[in-house]
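Chemist: For reference, the structure I am asking about is given below.
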Amino acid sequence: MKKYICSACDYEYDPALGDPEHGIAPGTAFEDIPDDWRCPVCGISKDAFIPMN
Amino acid sequence: MAPRKMKPGVYSVGAIDWDRRLFDSLIPLPLGTSYNAYLVQGESKVALIDTVEPGLAKELFANLDELGVKKIDYVVCHHAEQDHSGSIPAVLERYPGAKVMTNQKCMDLLASHLRIPTTACEIIADGAILDLGGRTLQFIFAPWVHWPETMFSFAREDKILFTCDFFGSHFATGTLYADDEHHVYLSAKRYYAEIMMPFRQKYGTYLQKIDALAPEIIAPSHGPIYRRPEFILDAYKDWTSDKVKNEALVAYVSMHGSTKVMVDRLVDRLVSAGVNVKQFDLATIDIGELAMALVDAATLVLATPTVLNGPHPAAVYAAYLTGAIKPKLRHAVILGSQAWGGKTVDVLKGLLASLKLEMFDPLMSKGLPTAEDLLAVDKLAETIQARHAALVAGV
């Protein structure tokens, strides 16, 4: 599963860790996160994230 | 600039800004720019595609008057940035009854940036079709070109794709079409590097969608119009790909010449080793040129003396911008002069950290470089040459 990076603030979403504080369990692929999820650091919308190599 | 006919019922009605030399209070415009707006007339309805920078609204109106336009039904707003949306309030006043057709995000930004009331807008969905009577416009959402709300529209019968800022160039010219491809290429590449590059990984899907639509004409919001779309599509495919070239960007600033001695030696060795070098003096640089050079480079060399216990501010500016426009660089190295300590390397490394580059060991001299320092520079040149050879072979 790929990691994704927020293009606005460089926060990295790691699927192994998820974002449990906002209801995203560890092990959740980025693609499976609901579209209304926002970056936990800067609040920008999910579509601002870019896959990391 | 007079209105120009593209097809029967489709006109270019925007304004050329020949004399503008700075954009966003940041980006030099050596060749001026234009704000392209288009009029699309169907049998029953008339649509205006985007508007112009507010200061040039009267040129837009002169063009519309010359075409005998008495009524506008729709103002399609692809992008809330004021150089395109800024004349919407004036248009709505001049053509009462016109509705702003746009997406939800754009409507929110039009309210926050221009106080355009939501009652003046009608929300359209991704893929929605606007029927003008014998002519239809299809909306294609394309976020992050270069703001979150951006979209395109496709005049399906005419096969004209209106892409707003995507594929744009800051190039003022009296010629409507991008037939002078050599010049337009450079302006379009500079434009891409300055504002589009951070989001390049999102563009693969958009380019595929555009290939599938097979437009005859691509009409952006700045610069000449493409009637040979493959020209700009191929360019974007190249720039947005993960492939880097055998190029090293050497950006330096030197106060009394010690840093410059190392720069000269490095550039000498790189050129001898067949590495393509682009050298820039950060004290006098046009940052658009720096951005352009970052589109293809594999390695960034940032050279600076130490002043006020850190890097020269010009080097900080360059590092910050590089981090912000997110080029596809693979490696970087910091070198320069630091005779009595300071945090030069750490500050610059911090600014480039988000790019996750391979950082070669920094080379700092204590004033004028010694023979040993110069041998280290030679070794660095060899390392860069070898890394580039591996990249070009492997990718």
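By convention in this document, the chains of the structure tokens carry letters A, B, ... by their order, each chain's residues are numbered from 1, and ligands are numbered from 1 in the order they are shown.
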Restrict the distance test to only C-alpha atoms, flag each residue of chain B within 10 Å of chain A, and return the flagged residues as a list in words.
Modeler: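 Listed by rising number, the hits are Pro143, Trp144, Trp147, Pro148, Pro198, Phe199, Arg200, Gln201, Lys202, Ala324, Ile325, Lys326, Ala353, Ser354 and Leu355 of chain B.
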Chemist: Could you dump the residues just selected with all heavy atoms as a CSV table (one decimal), in the first residue's frame?
Modeler:
chain,number,residue,atom,x,y,z
B,143,PRO,N,-9.1,19.2,-10.6
B,143,PRO,CA,-8.6,20.0,-9.5
B,143,PRO,C,-7.0,20.0,-9.5
B,143,PRO,O,-6.4,19.1,-10.0
B,143,PRO,CB,-9.1,19.2,-8.3
B,143,PRO,CG,-9.6,17.9,-8.8
B,143,PRO,CD,-9.9,18.1,-10.2
B,144,TRP,N,-6.5,21.1,-8.9
B,144,TRP,CA,-5.0,21.3,-8.7
B,144,TRP,C,-4.3,21.6,-10.0
B,144,TRP,O,-3.2,21.2,-10.3
B,144,TRP,CB,-4.4,20.1,-8.0
B,144,TRP,CG,-5.0,20.0,-6.6
B,144,TRP,CD1,-5.9,19.1,-6.2
B,144,TRP,CD2,-5.0,21.0,-5.6
B,144,TRP,NE1,-6.3,19.4,-4.9
B,144,TRP,CE2,-5.8,20.5,-4.5
B,144,TRP,CE3,-4.3,22.2,-5.4
B,144,TRP,CZ2,-5.9,21.2,-3.3
B,144,TRP,CZ3,-4.4,22.9,-4.2
B,144,TRP,CH2,-5.2,22.4,-3.2
B,147,TRP,N,-5.2,25.3,-8.7
B,147,TRP,CA,-5.9,25.6,-7.4
B,147,TRP,C,-6.9,24.4,-7.2
B,147,TRP,O,-7.1,23.6,-8.2
B,147,TRP,CB,-6.7,26.9,-7.5
B,147,TRP,CG,-5.9,28.2,-7.3
B,147,TRP,CD1,-4.6,28.3,-7.2
B,147,TRP,CD2,-6.5,29.4,-7.0
B,147,TRP,NE1,-4.3,29.6,-7.0
B,147,TRP,CE2,-5.4,30.3,-6.8
B,147,TRP,CE3,-7.8,29.9,-6.8
B,147,TRP,CZ2,-5.6,31.7,-6.5
B,147,TRP,CZ3,-8.0,31.3,-6.5
B,147,TRP,CH2,-6.9,32.1,-6.3
B,148,PRO,N,-7.5,24.3,-6.1
B,148,PRO,CA,-8.4,23.1,-5.8
B,148,PRO,C,-9.7,23.1,-6.7
B,148,PRO,O,-10.2,22.0,-6.8
B,148,PRO,CB,-8.8,23.3,-4.3
B,148,PRO,CG,-8.4,24.6,-3.9
B,148,PRO,CD,-7.3,25.1,-4.9
B,198,PRO,N,4.2,21.4,-9.0
B,198,PRO,CA,4.0,20.7,-7.7
B,198,PRO,C,3.0,19.6,-7.8
B,198,PRO,O,3.0,18.7,-7.0
B,198,PRO,CB,3.5,21.8,-6.7
B,198,PRO,CG,3.9,23.1,-7.3
B,198,PRO,CD,4.0,22.9,-8.8
B,199,PHE,N,2.1,19.7,-8.7
B,199,PHE,CA,1.0,18.8,-8.8
B,199,PHE,C,1.1,17.8,-10.0
B,199,PHE,O,0.2,17.2,-10.4
B,199,PHE,CB,-0.4,19.5,-8.9
B,199,PHE,CG,-0.5,20.6,-7.9
B,199,PHE,CD1,-0.4,22.0,-8.3
B,199,PHE,CD2,-0.8,20.3,-6.6
B,199,PHE,CE1,-0.5,23.0,-7.3
B,199,PHE,CE2,-0.9,21.3,-5.6
B,199,PHE,CZ,-0.8,22.6,-6.0
B,200,ARG,N,2.3,17.7,-10.5
B,200,ARG,CA,2.5,17.0,-11.7
B,200,ARG,C,2.0,15.5,-11.7
B,200,ARG,O,1.6,15.0,-12.7
B,200,ARG,CB,4.0,17.0,-12.2
B,200,ARG,CG,4.9,16.2,-11.3
B,200,ARG,CD,6.3,16.2,-11.8
B,200,ARG,NE,7.2,15.5,-10.9
B,200,ARG,CZ,7.5,14.2,-11.0
B,200,ARG,NH1,7.0,13.5,-12.0
B,200,ARG,NH2,8.2,13.6,-10.1
B,201,GLN,N,2.1,14.9,-10.5
B,201,GLN,CA,1.7,13.5,-10.4
B,201,GLN,C,0.1,13.3,-10.6
B,201,GLN,O,-0.3,12.2,-10.9
B,201,GLN,CB,2.1,12.8,-9.1
B,201,GLN,CG,3.5,12.5,-9.1
B,201,GLN,CD,4.2,13.1,-7.9
B,201,GLN,OE1,4.1,14.2,-7.6
B,201,GLN,NE2,5.0,12.3,-7.2
B,202,LYS,N,-0.6,14.4,-10.6
B,202,LYS,CA,-2.0,14.4,-10.8
B,202,LYS,C,-2.4,14.5,-12.3
B,202,LYS,O,-3.5,14.2,-12.7
B,202,LYS,CB,-2.8,15.5,-10.0
B,202,LYS,CG,-2.6,15.4,-8.5
B,202,LYS,CD,-3.6,16.4,-7.9
B,202,LYS,CE,-3.7,16.1,-6.4
B,202,LYS,NZ,-4.3,14.8,-6.1
B,324,ALA,N,9.1,24.3,-2.6
B,324,ALA,CA,7.7,24.6,-2.9
B,324,ALA,C,7.2,24.1,-4.2
B,324,ALA,O,6.1,23.7,-4.4
B,324,ALA,CB,7.5,26.1,-2.7
B,325,ILE,N,8.1,24.2,-5.3
B,325,ILE,CA,7.6,23.8,-6.6
B,325,ILE,C,7.8,22.3,-6.9
B,325,ILE,O,7.4,21.8,-7.9
B,325,ILE,CB,8.1,24.7,-7.8
B,325,ILE,CG1,9.7,24.6,-7.8
B,325,ILE,CG2,7.7,26.1,-7.6
B,325,ILE,CD1,10.2,25.5,-9.0
B,326,LYS,N,8.4,21.6,-6.0
B,326,LYS,CA,8.5,20.2,-6.0
B,326,LYS,C,8.9,19.6,-7.3
B,326,LYS,O,8.2,18.8,-8.0
B,326,LYS,CB,7.1,19.6,-5.6
B,326,LYS,CG,6.7,20.0,-4.2
B,326,LYS,CD,5.6,19.1,-3.7
B,326,LYS,CE,4.9,19.6,-2.4
B,326,LYS,NZ,5.7,20.2,-1.4
B,353,ALA,N,14.2,19.3,2.7
B,353,ALA,CA,13.9,18.0,3.3
B,353,ALA,C,12.7,17.4,2.7
B,353,ALA,O,12.7,16.1,2.4
B,353,ALA,CB,13.7,18.2,4.8
B,354,SER,N,11.6,18.1,2.3
B,354,SER,CA,10.4,17.5,1.8
B,354,SER,C,10.6,16.8,0.5
B,354,SER,O,9.8,16.0,0.1
B,354,SER,CB,9.3,18.5,1.8
B,354,SER,OG,9.6,19.5,0.8
B,355,LEU,N,11.6,17.2,-0.2
B,355,LEU,CA,11.8,16.6,-1.6
B,355,LEU,C,12.5,15.2,-1.5
B,355,LEU,O,12.5,14.5,-2.5
B,355,LEU,CB,12.7,17.5,-2.4
B,355,LEU,CG,12.2,18.9,-2.7
B,355,LEU,CD1,13.2,19.7,-3.5
B,355,LEU,CD2,10.9,18.9,-3.4
Chemist: Can you list, as a PyMOL selection string, all residues belonging to range 210-242 of chain B that DSSP tags as helix (DSSP H, G or I)?
Modeler: chain B and resi 210-213+230-240
Chemist: Please produce an output containing C-alpha atoms for each residue in the selection, written as a compact mmCIF listing (two decimals), in the first residue's frame.
Modeler:
# COMPACT_ATOMS: atom_id res chain seq x y z
CA ILE B 210 -7.65 14.77 -23.08
CA ASP B 211 -6.12 12.17 -25.41
CA ALA B 212 -9.45 10.34 -25.36
CA LEU B 213 -11.38 13.53 -26.23
CA GLU B 230 0.01 17.15 -29.80
CA PHE B 231 2.64 19.86 -29.47
CA ILE B 232 1.63 20.89 -25.96
CA LEU B 233 0.34 17.45 -24.92
CA ASP B 234 3.70 15.84 -25.75
CA ALA B 235 5.52 18.61 -23.90
CA TYR B 236 3.43 18.11 -20.76
CA LYS B 237 3.86 14.33 -20.94
CA ASP B 238 7.61 14.83 -21.02
CA TRP B 239 7.72 17.41 -18.21
CA THR B 240 5.36 15.52 -15.89
Chemist: Go through B:Ala318, B:Met364, B:Met197, B:Ala98 one by one, measure the shortest atom-to-atom distance of each to Asp242 in chain B using only C-alpha atoms, and give the residue with the smallest value.
Modeler: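 Smallest distance to Asp242 in chain B is found for B:Met197.
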Chemist: Please identify all polymer residues within 9 Å of Pro220 in chain B, counting only C-alpha atoms, omitting same-chain residues fewer than 2 positions from it, and present them as a list of chain:residue names.
Modeler: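 Neighbouring residues, sequence-local ones excluded: B:Asn36, B:Ala37, B:Leu161, B:Phe162, B:Thr163, B:Cys164, B:Asp165, B:Phe166, B:Phe167, B:Gly168, B:Ser169, B:Ile218, B:His222, B:Gly223, B:Pro224, B:Ile225, B:Tyr226.
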Chemist: Quote the spacing between CA of Tyr74 in chain B and CA of Cys106 in chain B in Å to one decimal place.
Modeler: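 If I compute the distance from CA of Tyr74 in chain B to CA of Cys106 in chain B, I get 15.3 Å.
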Chemist: In Å, rounded to a single decimal, give me how far CA of Ser85 in chain B is from CA of Leu110 in chain B.
Modeler: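 Separating CA of Leu110 in chain B from CA of Ser85 in chain B is a distance of 7.7 Å.
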